[in-house]
file run36.cif (mmCIF, C-alpha atoms)
data_protein
loop_
_atom_site.label_atom_id
_atom_site.label_comp_id
_atom_site.auth_asym_id
_atom_site.auth_seq_id
_atom_site.Cartn_x
_atom_site.Cartn_y
_atom_site.Cartn_z
CA MET E 1 40.26 -32.49 18.72
CA GLY E 2 38.98 -33.05 15.20
CA SER E 3 35.34 -32.37 16.14
CA TRP E 4 36.00 -28.75 17.14
CA ARG E 5 37.52 -28.17 13.70
CA VAL E 6 34.30 -29.45 12.09
CA VAL E 7 32.28 -27.08 14.27
CA VAL E 8 34.53 -24.12 13.39
CA VAL E 9 34.40 -24.92 9.66
CA CYS E 10 30.58 -25.20 9.80
CA MET E 11 30.35 -21.88 11.62
CA VAL E 12 32.62 -20.15 9.11
CA LEU E 13 30.75 -21.62 6.16
CA GLY E 14 27.43 -20.68 7.72
CA MET E 15 28.54 -17.10 8.31
CA ALA E 16 30.07 -16.80 4.85
CA GLY E 17 26.69 -17.67 3.39
CA THR E 18 24.97 -14.77 5.13
CA PRO E 19 24.62 -11.62 3.05
CA ALA E 20 26.56 -9.30 5.33
CA TRP E 21 29.13 -11.44 7.05
CA GLY E 22 31.20 -9.25 9.31
CA GLU E 23 28.93 -6.24 8.86
CA GLY E 24 25.96 -6.82 11.15
CA ASP E 25 22.62 -8.27 10.14
CA GLY E 26 22.09 -6.37 6.89
CA VAL E 27 23.60 -6.44 3.43
CA SER E 28 26.47 -4.03 2.85
CA TRP E 29 26.17 -1.65 -0.11
CA GLU E 30 29.24 -3.22 -1.69
CA ARG E 31 27.58 -6.65 -1.77
CA LEU E 32 24.53 -5.45 -3.74
CA THR E 33 24.41 -6.29 -7.42
CA PRO E 34 25.06 -3.45 -9.88
CA GLU E 35 21.36 -3.56 -10.85
CA GLN E 36 20.28 -3.23 -7.21
CA ARG E 37 22.70 -0.35 -6.65
CA GLU E 38 21.37 1.41 -9.74
CA VAL E 39 17.77 1.27 -8.50
CA LEU E 40 18.71 2.09 -4.89
CA HIS E 41 21.33 4.76 -5.68
CA SER E 42 19.55 7.43 -3.64
CA PHE E 43 20.21 5.35 -0.49
CA ALA E 44 23.91 4.70 -1.19
CA GLU E 45 25.37 6.91 1.54
CA ARG E 46 22.94 5.72 4.24
CA TRP E 47 22.47 2.10 3.16
CA ASN E 48 24.90 0.49 5.62
CA SER E 49 23.27 2.28 8.56
CA PHE E 50 19.77 0.94 7.78
CA PRO E 51 18.38 -1.92 9.88
CA SER E 52 18.28 -5.22 8.02
CA ASP E 53 14.48 -5.28 7.82
CA ARG E 54 14.44 -1.90 6.07
CA GLN E 55 17.16 -3.06 3.69
CA GLU E 56 15.09 -6.13 2.90
CA ARG E 57 11.96 -4.06 2.17
CA LEU E 58 13.98 -1.75 -0.08
CA LEU E 59 15.51 -4.70 -1.92
CA GLN E 60 12.04 -6.16 -2.49
CA SER E 61 10.85 -2.80 -3.78
CA ALA E 62 13.85 -2.59 -6.10
CA GLU E 63 12.97 -6.00 -7.53
CA ARG E 64 9.35 -4.94 -8.11
CA TRP E 65 10.60 -1.75 -9.80
CA ARG E 66 12.92 -3.66 -12.11
CA ALA E 67 10.06 -5.99 -13.08
CA MET E 68 7.71 -3.10 -14.00
CA ALA E 69 6.94 -2.08 -17.54
CA PRO E 70 7.75 1.55 -18.46
CA ASP E 71 4.09 2.60 -18.16
CA GLU E 72 3.84 1.03 -14.73
CA ARG E 73 6.97 2.91 -13.65
CA ARG E 74 5.47 6.18 -14.88
CA VAL E 75 2.32 5.59 -12.84
CA ALA E 76 4.40 4.64 -9.79
CA ARG E 77 6.44 7.86 -10.11
CA GLU E 78 3.24 9.92 -10.33
CA ARG E 79 1.79 8.20 -7.28
CA TYR E 80 5.00 8.79 -5.33
CA ARG E 81 5.01 12.49 -6.26
CA HIS E 82 1.39 12.74 -5.14
CA TRP E 83 2.23 10.99 -1.83
CA ARG E 84 5.26 13.22 -1.27
CA ASP E 85 3.15 16.35 -1.86
CA LEU E 86 0.49 15.39 0.71
CA ALA E 87 0.49 17.17 4.04
CA PRO E 88 1.89 15.03 6.88
CA GLU E 89 -1.60 14.87 8.44
CA GLN E 90 -3.04 13.48 5.20
CA ARG E 91 -0.31 10.85 4.97
CA GLU E 92 -0.91 9.83 8.59
CA GLN E 93 -4.65 9.56 7.98
CA ILE E 94 -4.03 7.31 4.97
CA LEU E 95 -1.61 5.13 6.93
CA ARG E 96 -4.11 4.89 9.80
CA ARG E 97 -6.83 3.75 7.37
CA ILE E 98 -4.47 1.15 5.89
CA ARG E 99 -3.72 -0.19 9.38
CA GLU E 100 -7.45 -0.32 10.13
CA PHE E 101 -8.10 -2.18 6.88
CA HIS E 102 -5.40 -4.75 7.67
CA SER E 103 -6.89 -5.29 11.13
CA LEU E 104 -10.23 -6.38 9.60
CA ASP E 105 -11.04 -10.04 9.09
CA PRO E 106 -10.33 -11.36 5.57
CA ALA E 107 -14.02 -11.59 4.61
CA GLU E 108 -14.56 -7.92 5.45
CA GLN E 109 -11.41 -6.95 3.52
CA GLU E 110 -12.70 -8.86 0.50
CA ARG E 111 -16.10 -7.18 0.73
CA ILE E 112 -14.40 -3.78 0.78
CA ARG E 113 -12.25 -4.70 -2.22
CA ARG E 114 -15.32 -5.81 -4.21
CA THR E 115 -17.15 -2.60 -3.33
CA PHE E 116 -14.15 -0.51 -4.29
CA ASN E 117 -13.81 -2.32 -7.61
CA ARG E 118 -17.50 -1.82 -8.39
CA PHE E 119 -17.16 1.87 -7.56
CA GLN E 120 -14.08 2.15 -9.79
CA ASN E 121 -16.02 0.53 -12.64
CA LEU E 122 -18.80 3.12 -12.51
CA PRO E 123 -18.72 5.80 -15.21
CA PRO E 124 -16.59 8.80 -14.10
CA GLN E 125 -19.64 11.09 -13.91
CA GLU E 126 -21.40 8.71 -11.52
CA ARG E 127 -18.31 8.39 -9.33
CA GLU E 128 -17.94 12.16 -9.10
CA ALA E 129 -21.63 12.60 -8.30
CA ILE E 130 -21.39 10.05 -5.47
CA LYS E 131 -18.23 11.66 -4.09
CA GLY E 132 -19.83 15.09 -4.16
CA LYS E 133 -22.92 13.90 -2.33
CA TRP E 134 -20.80 12.09 0.26
CA ARG E 135 -18.74 15.20 0.95
CA SER E 136 -21.89 17.27 1.40
CA LEU E 137 -23.35 14.97 4.09
CA PRO E 138 -23.12 16.00 7.74
CA PRO E 139 -20.84 13.70 9.85
CA GLU E 140 -23.73 12.04 11.68
CA GLU E 141 -25.48 11.19 8.42
CA ARG E 142 -22.22 9.75 7.06
CA ARG E 143 -21.91 7.55 10.16
CA GLN E 144 -25.49 6.29 9.75
CA LEU E 145 -24.91 5.63 6.08
CA LYS E 146 -21.77 3.60 6.84
CA GLU E 147 -23.73 1.48 9.31
CA ARG E 148 -26.52 0.94 6.79
CA TRP E 149 -23.97 0.06 4.10
CA ARG E 150 -22.45 -2.70 6.24
CA THR E 151 -25.81 -4.48 6.46
CA MET E 152 -26.60 -4.38 2.72
CA THR E 153 -26.10 -7.20 0.25
CA ASP E 154 -23.91 -6.60 -2.81
CA GLU E 155 -27.01 -6.14 -4.97
CA GLN E 156 -28.51 -3.62 -2.54
CA ARG E 157 -25.24 -1.69 -2.51
CA GLN E 158 -25.14 -1.58 -6.31
CA GLU E 159 -28.72 -0.30 -6.46
CA PHE E 160 -28.01 2.21 -3.72
CA LEU E 161 -25.03 3.60 -5.64
CA ARG E 162 -27.11 3.95 -8.79
CA GLU E 163 -29.83 5.78 -6.88
CA ARG E 164 -27.34 8.12 -5.22
CA ALA E 165 -25.70 8.91 -8.53
CA THR E 166 -29.00 9.87 -10.14
CA GLY E 167 -30.24 11.78 -7.12
CA ASP E 168 -33.26 9.54 -6.43
CA ALA E 169 -32.04 8.75 -2.93
CA ALA E 170 -31.09 12.33 -2.03
CA THR E 171 -34.47 12.85 -0.43
CA ARG E 172 -34.11 9.88 1.94
#

call {"tool": "encode", "arguments": {"input": "run36.cif", "output": "structure tokens"}}
result
Amino acid sequence: MGSWRVVVVCMVLGMAGTPAWGEGDGVSWERLTPEQREVLHSFAERWNSFPSDRQERLLQSAERWRAMAPDERRVARERYRHWRDLAPEQREQILRRIREFHSLDPAEQERIRRTFNRFQNLPPQEREAIKGKWRSLPPEERRQLKERWRTMTDEQRQEFLRERATGDAATR
């Protein structure tokens, strides 16, 4: 008879340690810290209806937000406003590209990151010139250029970008 009491006590202690004991899988709004509630205040009325995985993502985001410096928060707000103002089709296209990126093997992801960082480090005038030339290309030429790009070494890509920015490669 004593062993069932041990089992019951273990179960009660185990459940009491879960964030939302008695309220499903998630964390009830009332159990959030005051700091978490302050950051997540816009979700207060709906919080308890969210699935636990969404609550967890929001809690992680709240922690990142609290850890940000004021300048980082300003940039994050601007990015959110920009995202919110995009047309639904644009947002879906971005999300599709993100999913495609995450489906690539790690080496390809790293190559893309390096290329992006090199592009970001170009002078603004060069970046704008490259973007303008890219936008002016017909779709078939863009496809061919993407294929060619994938076969280049990092040094060849860097040289190619310089040529495109100065217009030397426009005749190719």

call {"tool": "resolve_selection", "arguments": {"input": "run36.cif", "expression": "the PyMOL selection byres ((chain E and resi 30) around 10)", "output": "JSON, numbers by chain"}}
result
{"E": [20, 27, 28, 29, 31, 32, 33, 34, 37, 44, 47, 48]}

call {"tool": "residues_near_point", "arguments": {"input": "run36.cif", "point": "(-15.2, 0.5, -5.8)", "cutoff": "12 Å", "atoms": "only C-alpha atoms", "output": "list of chain:residue names"}}
result
E:Glu110, E:Arg111, E:Ile112, E:Arg113, E:Arg114, E:Thr115, E:Phe116, E:Asn117, E:Arg118, E:Phe119, E:Gln120, E:Asn121, E:Leu122, E:Pro123, E:Pro124, E:Glu126, E:Arg127, E:Ile130, E:Lys131, E:Asp154, E:Arg157, E:Gln158, E:Leu161

call {"tool": "closest_residue", "arguments": {"input": "run36.cif", "among": "E:Trp83, E:Arg77, E:Val39, E:Glu155", "to": "Ala62 of chain E", "atoms": "only C-alpha atoms"}}
result
E:Val39

call {"tool": "atom_distance", "arguments": {"input": "run36.cif", "atom1": "atom CA of Gly132 of chain E", "atom2": "atom CA of Glu159 of chain E"}}
result
17.9 Å

call {"tool": "atom_distance", "arguments": {"input": "run36.cif", "atom1": "atom CA of Arg54 of chain E", "atom2": "atom CA of Leu40 of chain E"}}
result
12.4 Å

call {"tool": "atom_distance", "arguments": {"input": "run36.cif", "atom1": "atom CA of Gln60 of chain E", "atom2": "atom CA of Ala76 of chain E"}}
result
15.1 Å

call {"tool": "closest_residue", "arguments": {"input": "run36.cif", "among": "E:Arg66, E:Glu78, E:Gln90, E:Ser52", "to": "Glu38 of chain E", "atoms": "all atoms listed in the file"}}
result
E:Arg66

call {"tool": "closest_residue", "arguments": {"input": "run36.cif", "among": "E:Glu89, E:Arg79, E:Thr151, E:Gln36", "to": "Ser61 of chain E", "atoms": "all atoms listed in the file"}}
result
E:Gln36

call {"tool": "decode", "arguments": {"input": "run36.cif", "residues": "segment 42-61 of chain E", "atoms": "N, CA, C and O atoms", "output": "short mmCIF file (atom, residue, chain, number, x, y, z; two decimals), in the first residue's frame"}}
result
data_model
loop_
_atom_site.label_atom_id
_atom_site.label_comp_id
_atom_site.auth_asym_id
_atom_site.auth_seq_id
_atom_site.Cartn_x
_atom_site.Cartn_y
_atom_site.Cartn_z
N SER E 42 0.97 42.33 -25.90
CA SER E 42 0.02 42.34 -27.01
C SER E 42 -0.65 40.98 -27.22
O SER E 42 -1.65 40.89 -27.93
N PHE E 43 -0.13 39.94 -26.59
CA PHE E 43 -0.71 38.60 -26.71
C PHE E 43 -1.53 38.21 -25.48
O PHE E 43 -2.01 37.08 -25.40
N ALA E 44 -1.68 39.09 -24.52
CA ALA E 44 -2.28 38.76 -23.23
C ALA E 44 -3.64 38.07 -23.35
O ALA E 44 -3.87 37.03 -22.72
N GLU E 45 -4.53 38.61 -24.15
CA GLU E 45 -5.89 38.05 -24.22
C GLU E 45 -5.93 36.71 -24.92
O GLU E 45 -6.83 35.91 -24.66
N ARG E 46 -4.98 36.44 -25.81
CA ARG E 46 -4.99 35.19 -26.58
C ARG E 46 -3.99 34.17 -26.08
O ARG E 46 -4.00 33.03 -26.52
N TRP E 47 -3.10 34.56 -25.18
CA TRP E 47 -1.98 33.73 -24.77
C TRP E 47 -2.39 32.31 -24.39
O TRP E 47 -1.81 31.34 -24.86
N ASN E 48 -3.38 32.17 -23.53
CA ASN E 48 -3.75 30.84 -23.03
C ASN E 48 -4.33 29.93 -24.11
O ASN E 48 -4.40 28.72 -23.93
N SER E 49 -4.73 30.51 -25.24
CA SER E 49 -5.27 29.67 -26.33
C SER E 49 -4.19 29.23 -27.31
O SER E 49 -4.46 28.41 -28.18
N PHE E 50 -2.97 29.76 -27.19
CA PHE E 50 -1.89 29.39 -28.10
C PHE E 50 -1.39 27.99 -27.80
O PHE E 50 -1.28 27.59 -26.64
N PRO E 51 -1.00 27.25 -28.84
CA PRO E 51 -0.35 25.94 -28.61
C PRO E 51 0.98 26.16 -27.88
O PRO E 51 1.60 27.22 -27.99
N SER E 52 1.41 25.16 -27.16
CA SER E 52 2.63 25.30 -26.35
C SER E 52 3.86 25.63 -27.18
O SER E 52 4.71 26.39 -26.74
N ASP E 53 3.94 25.09 -28.41
CA ASP E 53 5.13 25.38 -29.21
C ASP E 53 5.17 26.85 -29.62
O ASP E 53 6.23 27.46 -29.66
N ARG E 54 4.01 27.45 -29.88
CA ARG E 54 3.99 28.88 -30.21
C ARG E 54 4.35 29.71 -28.98
O ARG E 54 5.09 30.68 -29.08
N GLN E 55 3.82 29.31 -27.83
CA GLN E 55 4.18 30.02 -26.60
C GLN E 55 5.69 29.97 -26.38
O GLN E 55 6.30 30.98 -26.04
N GLU E 56 6.27 28.81 -26.61
CA GLU E 56 7.72 28.67 -26.41
C GLU E 56 8.50 29.58 -27.35
O GLU E 56 9.45 30.24 -26.94
N ARG E 57 8.09 29.63 -28.62
CA ARG E 57 8.79 30.51 -29.58
C ARG E 57 8.65 31.97 -29.15
O ARG E 57 9.61 32.75 -29.23
N LEU E 58 7.46 32.35 -28.69
CA LEU E 58 7.25 33.74 -28.26
C LEU E 58 8.08 34.05 -27.01
O LEU E 58 8.64 35.15 -26.90
N LEU E 59 8.17 33.10 -26.10
CA LEU E 59 8.99 33.31 -24.90
C LEU E 59 10.47 33.47 -25.27
O LEU E 59 11.17 34.31 -24.71
N GLN E 60 10.93 32.67 -26.23
CA GLN E 60 12.32 32.80 -26.68
C GLN E 60 12.54 34.16 -27.33
O GLN E 60 13.56 34.81 -27.10
N SER E 61 11.58 34.59 -28.11
CA SER E 61 11.68 35.91 -28.75
C SER E 61 11.69 37.01 -27.70
O SER E 61 12.43 37.99 -27.83
#
